[in-house]
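> Quick one: this structure, given as structure tokens, is what I'll be asking you about.
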Amino acid sequence: MSAELRCCYQEDDPQHCCHAPAGPSGLCYWHDPTICKDKAEDKAALEQYARAGGQMRGLALKKAQLAGLNLAAAPGQSGFDLSFSDLYRANLQGAHLYKVNLTQANLMKADLRDANVHWVKAEQANLLGVKWAGARLENMQLGKTLRQEAIAQQAVKAGDQALAQDYFEQSEEIYRDLRKAAEHEGLFVLSGLYIQQELRMRRFQYPKFSQKRLLSKLIDVFCGYGEEPVRVVLFSLLLIFCCAIAYFFLGVVSAGAVLQFNPQASLLEQLQLFGTCLYYSVVTFTTLGYGDITPVGLSRLVAAVEAFTGSFTIALFVVVFVKKMTR
């Protein structure tokens, strides 16, 4: 009597192999891509297979009908590992996927409406066209870059601008869908992170040295596209300090005397002078204009630039801060 054939699914790591009975294709029911898992009993069968210790990596679940699937991890346990699985157009509406590992899985156009994807690992997964409405997205781990984003960056290095443009557009779409889903769930901090990424992907689609790309980069640096008021504060402090150094060397006038760096002066005198210049820089940045200290020579140009930039930066901080606080 011949031995029962076992599934031939095998990864480079020997521990990631399947021992389930194989069908005519040499693969088990769950790893065979030629079988559509759309039967009424498939959901319960997959749950049983998973909890019996079956090999969950690389599952072929293209267009599978698995609404309400429960693969949530028990408290204190790690989740099921569905890495490299094909879930293209799979119906996972209302599924419980708490802590499931979907690293490098294909979730393109999958239906995850009202699903629990809390603490799901989706690093390098294909998330293009996923339906997220009502999904619980807290702490979903996407990694440093999306799959499409990584491909786009590689295309840029290879000089293939057309391919990079296509994948940056896909990345922007993914972040936009995630942002809308987060806003719908009232997760405004999370939606703020996604809108930053969305706008960065849009920036990369502009020509490298174009005005639009430069302006977008400046907005990102100064305020994180309106999501990081602390950046405005840090820029303000940096500008005040740099202008104080400029006044220190170019000189200012106080009580009719020119105050300027003198290599012959003592360290204490230099520190006192810098403190005066720092005070004048703060007064200029905030456009208070007490008049006790005035610029002289090239310091006038520095003061004009600082006053203009300061008034703009303060207004920007108010807008960004109010935006964050009213969410």
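In the structure tokens, chains take letters A, B, ... by order of appearance, with residues numbered from 1 within each chain and ligands from 1 in the order shown.
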Would you return as a list in words the members of region 111-325 of chain A that DSSP assigns to strand (DSSP E or B) on this structure's backbone?
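For region 111-325 of chain A, the strand (DSSP E or B) set is Asp111, Asn116, Lys121, Asn126, Lys131, Arg136, Gln141, Val252, Val253, Ser254, Ala257, Val258, Leu259, Ile293, Thr294 and Pro295 of chain A.
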> Put those residues in a file: N, CA and C atoms, as a PDB file, in the first residue's frame.

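What follows is the written file again-v7.pdb:
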ATOM      1  N   ASP A 111     -11.408  42.491   0.334  1.00  0.00           N
ATOM      2  CA  ASP A 111     -12.492  43.174   1.056  1.00  0.00           C
ATOM      3  C   ASP A 111     -12.260  42.998   2.555  1.00  0.00           C
ATOM      4  N   ASN A 116     -11.153  43.277  11.759  1.00  0.00           N
ATOM      5  CA  ASN A 116     -10.248  43.661  12.843  1.00  0.00           C
ATOM      6  C   ASN A 116      -8.822  43.343  12.402  1.00  0.00           C
ATOM      7  N   LYS A 121       0.592  42.494  10.998  1.00  0.00           N
ATOM      8  CA  LYS A 121       1.843  42.822  10.315  1.00  0.00           C
ATOM      9  C   LYS A 121       1.606  42.732   8.810  1.00  0.00           C
ATOM     10  N   ASN A 126       1.005  43.672  -0.582  1.00  0.00           N
ATOM     11  CA  ASN A 126       0.375  44.444  -1.653  1.00  0.00           C
ATOM     12  C   ASN A 126      -1.010  44.868  -1.186  1.00  0.00           C
ATOM     13  N   LYS A 131     -10.363  47.321   0.375  1.00  0.00           N
ATOM     14  CA  LYS A 131     -11.532  48.017   0.915  1.00  0.00           C
ATOM     15  C   LYS A 131     -11.407  48.033   2.432  1.00  0.00           C
ATOM     16  N   ARG A 136     -10.797  48.085  11.697  1.00  0.00           N
ATOM     17  CA  ARG A 136     -10.082  48.558  12.879  1.00  0.00           C
ATOM     18  C   ARG A 136      -8.591  48.551  12.565  1.00  0.00           C
ATOM     19  N   GLN A 141       0.936  47.309  11.322  1.00  0.00           N
ATOM     20  CA  GLN A 141       2.354  47.541  11.058  1.00  0.00           C
ATOM     21  C   GLN A 141       2.648  47.402   9.565  1.00  0.00           C
ATOM     22  N   VAL A 252      25.451  95.305  15.996  1.00  0.00           N
ATOM     23  CA  VAL A 252      24.205  96.027  16.224  1.00  0.00           C
ATOM     24  C   VAL A 252      24.535  97.281  17.038  1.00  0.00           C
ATOM     25  N   VAL A 253      23.576  98.203  17.102  1.00  0.00           N
ATOM     26  CA  VAL A 253      23.789  99.459  17.819  1.00  0.00           C
ATOM     27  C   VAL A 253      22.898  99.497  19.046  1.00  0.00           C
ATOM     28  N   SER A 254      23.485  99.792  20.190  1.00  0.00           N
ATOM     29  CA  SER A 254      22.735  99.929  21.431  1.00  0.00           C
ATOM     30  C   SER A 254      23.268 101.142  22.192  1.00  0.00           C
ATOM     31  N   ALA A 257      26.262 102.967  20.771  1.00  0.00           N
ATOM     32  CA  ALA A 257      27.530 102.247  20.626  1.00  0.00           C
ATOM     33  C   ALA A 257      27.317 101.009  19.764  1.00  0.00           C
ATOM     34  N   VAL A 258      28.293 100.731  18.913  1.00  0.00           N
ATOM     35  CA  VAL A 258      28.233  99.544  18.057  1.00  0.00           C
ATOM     36  C   VAL A 258      28.734  98.347  18.859  1.00  0.00           C
ATOM     37  N   LEU A 259      27.897  97.342  18.941  1.00  0.00           N
ATOM     38  CA  LEU A 259      28.264  96.106  19.629  1.00  0.00           C
ATOM     39  C   LEU A 259      28.584  95.050  18.580  1.00  0.00           C
ATOM     40  N   ILE A 293      17.662  98.349  20.624  1.00  0.00           N
ATOM     41  CA  ILE A 293      18.781  97.882  19.813  1.00  0.00           C
ATOM     42  C   ILE A 293      18.366  97.974  18.351  1.00  0.00           C
ATOM     43  N   THR A 294      19.259  98.442  17.520  1.00  0.00           N
ATOM     44  CA  THR A 294      18.963  98.579  16.093  1.00  0.00           C
ATOM     45  C   THR A 294      20.076  97.949  15.269  1.00  0.00           C
ATOM     46  N   PRO A 295      19.759  97.471  14.061  1.00  0.00           N
ATOM     47  CA  PRO A 295      20.787  96.867  13.220  1.00  0.00           C
ATOM     48  C   PRO A 295      21.654  97.927  12.551  1.00  0.00           C
TER      49      PRO A 295
END
> From the list A:Gly68, A:Asp220, A:Leu137, A:Asp114, which residue is nearest Lys99 (chain A) when using only C-alpha atoms?
A:Leu137
> Between A:Ala20, A:Leu218, A:Lys180, A:Leu146, which one has atoms that come closest to Ala52 (chain A), using only C-alpha atoms?
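The closest residue to Ala52 (chain A) is A:Ala20.
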> Env of region 233-244 of chain A: 12 Å cut, atoms = only C-alpha atoms, seq-sep filter 2 positions within chain, self excluded. Answer as a PyMOL selection string.
chain A and resi 218-219+221-224+228-231+246-252+260-261+271+273-286+295+298-318+320-321
> Which residue gives the smallest distance to His184 (chain A) among A:Met201, A:Ala152, A:Ala135, A:Ala115, with only C-alpha atoms counted?
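Using only C-alpha atoms, the shortest distance to His184 (chain A) belongs to A:Ala135.
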> Just checking: using only C-alpha atoms, which residue out of A:Gln272, A:Ala90, A:Leu163, A:Ala72 ends up closest to Val120 (chain A)?
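Comparing A:Gln272, A:Ala90, A:Leu163, A:Ala72 against Val120 (chain A), the winner is A:Ala72.
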> Write out as a PyMOL selection string the set of residues from region 38-283 of chain A that DSSP, computed on the backbone, places in helix (DSSP H, G or I).
chain A and resi 42-51+147-158+161-184+188-203+211-223+229-250+267-283
> Please, what distance in Å, to one decimal, runs between CA of Lys157 (chain A) and CA of Leu214 (chain A)?
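Separation of CA of Lys157 (chain A) and CA of Leu214 (chain A): 19.9 Å.
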> Restricting the calculation to only C-alpha atoms, which member of A:Lys109, A:Arg89, A:Arg57, A:Lys217 is positioned closest to Asp177 (chain A)?
A:Lys109
> What gap, in Å, lies between CA of Asp160 (chain A) and CA of Leu142 (chain A)?
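Between CA of Asp160 (chain A) and CA of Leu142 (chain A) the gap is 25.2 Å.
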> For CA of Ala162 (chain A) and CA of Ala125 (chain A), quote the distance in Å rounded to one decimal.
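Between CA of Ala162 (chain A) and CA of Ala125 (chain A) the gap is 22.0 Å.
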